[in-house]
$ cat structure.pdb   # PDB, C-alpha atoms
ATOM      1  CA  MET V   1       0.000   0.000   0.000
ATOM      2  CA  LYS V   2       1.358   3.425  -0.978
ATOM      3  CA  ARG V   3       2.030   5.923   1.797
ATOM      4  CA  ARG V   4       0.137   9.189   1.403
ATOM      5  CA  LYS V   5       1.314  12.683   2.259
ATOM      6  CA  ARG V   6       0.099  14.256   5.459
ATOM      7  CA  ILE V   7      -2.952  16.436   5.001
ATOM      8  CA  TYR V   8      -3.750  19.529   7.034
ATOM      9  CA  TYR V   9      -7.494  19.985   6.981
ATOM     10  CA  THR V  10      -8.854  23.489   6.513
ATOM     11  CA  ASP V  11     -11.632  24.847   8.697
ATOM     12  CA  THR V  12     -14.215  24.232   5.979
ATOM     13  CA  GLN V  13     -13.053  20.623   5.573
ATOM     14  CA  LYS V  14     -13.261  20.085   9.320
ATOM     15  CA  ALA V  15     -16.767  21.537   9.388
ATOM     16  CA  LEU V  16     -17.768  19.251   6.531
ATOM     17  CA  MET V  17     -16.432  16.235   8.428
ATOM     18  CA  TRP V  18     -18.353  17.150  11.565
ATOM     19  CA  ASP V  19     -21.557  17.806   9.594
ATOM     20  CA  ARG V  20     -21.378  14.454   7.819
ATOM     21  CA  TRP V  21     -20.529  12.657  11.074
ATOM     22  CA  GLN V  22     -23.532  14.213  12.846
ATOM     23  CA  GLN V  23     -25.792  13.173   9.971
ATOM     24  CA  GLY V  24     -24.706   9.576  10.591
ATOM     25  CA  GLU V  25     -22.560   9.007   7.524
ATOM     26  CA  PRO V  26     -20.043   6.165   7.824
ATOM     27  CA  LEU V  27     -16.343   6.948   8.195
ATOM     28  CA  HIS V  28     -15.552   5.288   4.867
ATOM     29  CA  GLN V  29     -17.788   7.714   2.962
ATOM     30  CA  ILE V  30     -16.423  10.751   4.810
ATOM     31  CA  ALA V  31     -12.847   9.638   4.170
ATOM     32  CA  SER V  32     -13.516   9.058   0.487
ATOM     33  CA  LEU V  33     -14.370  12.778   0.117
ATOM     34  CA  PHE V  34     -10.763  13.592   1.012
ATOM     35  CA  ASP V  35      -9.172  10.569  -0.714
ATOM     36  CA  ARG V  36      -8.109   9.175   2.674
ATOM     37  CA  HIS V  37      -8.554   5.987   4.643
ATOM     38  CA  HIS V  38     -11.228   5.867   7.314
ATOM     39  CA  SER V  39      -8.606   5.663  10.054
ATOM     40  CA  SER V  40      -7.402   9.220   9.372
ATOM     41  CA  VAL V  41     -10.925  10.575   9.813
ATOM     42  CA  LEU V  42     -11.427   8.385  12.870
ATOM     43  CA  LYS V  43      -8.337   9.886  14.535
ATOM     44  CA  PHE V  44      -9.628  13.377  13.861
ATOM     45  CA  LEU V  45     -13.106  12.693  15.258
ATOM     46  CA  ALA V  46     -11.912  10.577  18.176
ATOM     47  CA  ALA V  47      -9.567  13.331  19.381
ATOM     48  CA  HIS V  48     -12.695  15.166  20.600
ATOM     49  CA  GLY V  49     -14.654  12.092  21.626
ATOM     50  CA  GLY V  50     -16.915  12.268  18.580
ATOM     51  CA  ILE V  51     -18.406  15.554  19.780
ATOM     52  CA  ARG V  52     -17.882  18.743  17.796
ATOM     53  CA  PRO V  53     -15.721  21.130  19.826
ATOM     54  CA  PRO V  54     -17.042  24.640  20.486
ATOM     55  CA  ILE V  55     -15.892  27.466  18.244
ATOM     56  CA  ARG V  56     -12.822  29.111  19.716
ATOM     57  CA  ARG V  57     -13.323  32.702  20.789
ATOM     58  CA  ARG V  58     -11.038  35.133  22.550
ATOM     59  CA  SER V  59     -12.025  36.517  25.892
ATOM     60  CA  PRO V  60     -13.377  40.089  25.695
ATOM     61  CA  SER V  61     -10.975  41.132  28.453
ATOM     62  CA  THR V  62      -8.022  39.879  26.411
ATOM     63  CA  LEU V  63      -9.050  41.999  23.474
ATOM     64  CA  SER V  64      -9.537  45.102  25.601
ATOM     65  CA  LEU V  65      -6.034  44.774  27.082
ATOM     66  CA  ALA V  66      -4.571  44.935  23.607
ATOM     67  CA  LEU V  67      -6.105  48.375  23.081
ATOM     68  CA  ILE V  68      -4.486  49.907  26.184
ATOM     69  CA  PRO V  69      -1.140  51.473  25.234
ATOM     70  CA  ASN V  70       1.903  50.164  27.016
ATOM     71  CA  ARG V  71       3.598  52.815  29.182
ATOM     72  CA  ARG V  72       7.060  51.668  28.240
ATOM     73  CA  ALA V  73       6.266  51.801  24.560
ATOM     74  CA  THR V  74       5.000  55.379  24.787
ATOM     75  CA  GLN V  75       8.041  56.760  26.613
ATOM     76  CA  ASN V  76      10.842  58.180  24.565
ATOM     77  CA  ARG V  77      14.235  56.595  25.206
ATOM     78  CA  GLY V  78      15.851  60.034  25.382
ATOM     79  CA  ASP V  79      13.451  61.154  28.101
ATOM     80  CA  VAL V  80      14.210  58.092  30.147
ATOM     81  CA  ALA V  81      17.970  58.606  29.749
ATOM     82  CA  CYS V  82      17.680  62.263  30.876
ATOM     83  CA  GLU V  83      15.643  61.255  33.915
ATOM     84  CA  ARG V  84      18.189  58.653  34.897
ATOM     85  CA  SER V  85      21.182  60.973  34.531
ATOM     86  CA  GLY V  86      19.379  63.722  36.466
ATOM     87  CA  ASN V  87      18.502  61.340  39.269
ATOM     88  CA  ASN V  88      22.077  60.165  39.564
ATOM     89  CA  ALA V  89      23.365  63.751  39.770
ATOM     90  CA  ASP V  90      20.906  64.523  42.587
ATOM     91  CA  ILE V  91      22.111  61.523  44.570
ATOM     92  CA  TYR V  92      25.776  62.597  44.496
ATOM     93  CA  ARG V  93      25.183  66.290  45.451
TER      94      ARG V  93
END

$ encode --input "structure.pdb" --output "structure tokens"
Amino acid sequence: MKRRKRIYYTDTQKALMWDRWQQGEPLHQIASLFDRHHSSVLKFLAAHGGIRPPIRRRSPSTLSLALIPNRRATQNRGDVACERSGNNADIYR
């Protein structure tokens, strides 16, 4: 039997697999859509226990943190260097 190249399923292909599986189609028919053996589809479906995983979404708080500017990024390097040199001079006076 000839060894086949690894396939990386796209999101639409994964959705098609889950839809067909939920409709009760056998693994052999689902695998034939992708020119694969049934064992490759079985591994994909069994990884989630045969239940379609929920759609991944980012937490709203994670997205809001990305919009807050970072203090370090907004400071100018020259300003920081001047503050440091001024502070050092005050210490030694």

$ residues_around --input "structure.pdb" --residues "Gln13 (chain V)" --least-positions-apart "3" --cutoff "12 Å" --atoms "only C-alpha atoms" --output "PyMOL selection string"
chain V and resi 7-10+16-20+30-31+33-34+41+44

$ atom_distance --input "structure.pdb" --atom1 "CA of Thr62 (chain V)" --atom2 "CA of Gly49 (chain V)"
29.0 Å

$ closest_residue --input "structure.pdb" --among "V:Ala15, V:Trp21, V:Arg4, V:Ser39" --to "Pro54 (chain V)" --atoms "all atoms listed in the file"
V:Ala15

$ atom_distance --input "structure.pdb" --atom1 "CA of His37 (chain V)" --atom2 "CA of Arg56 (chain V)"
27.9 Å

$ atom_distance --input "structure.pdb" --atom1 "CA of Pro26 (chain V)" --atom2 "CA of Lys43 (chain V)"
14.0 Å

$ closest_residue --input "structure.pdb" --among "V:Leu27, V:Ser61, V:Ser32, V:Lys2" --to "Ala46 (chain V)" --atoms "only C-alpha atoms"
V:Leu27

$ closest_residue --input "structure.pdb" --among "V:Lys14, V:Gln23, V:His38, V:Lys5" --to "Pro53 (chain V)" --atoms "all atoms listed in the file"
V:Lys14

$ closest_residue --input "structure.pdb" --among "V:Gln29, V:Thr12, V:Gln22, V:Ser40" --to "Arg52 (chain V)" --atoms "all atoms listed in the file"
V:Gln22
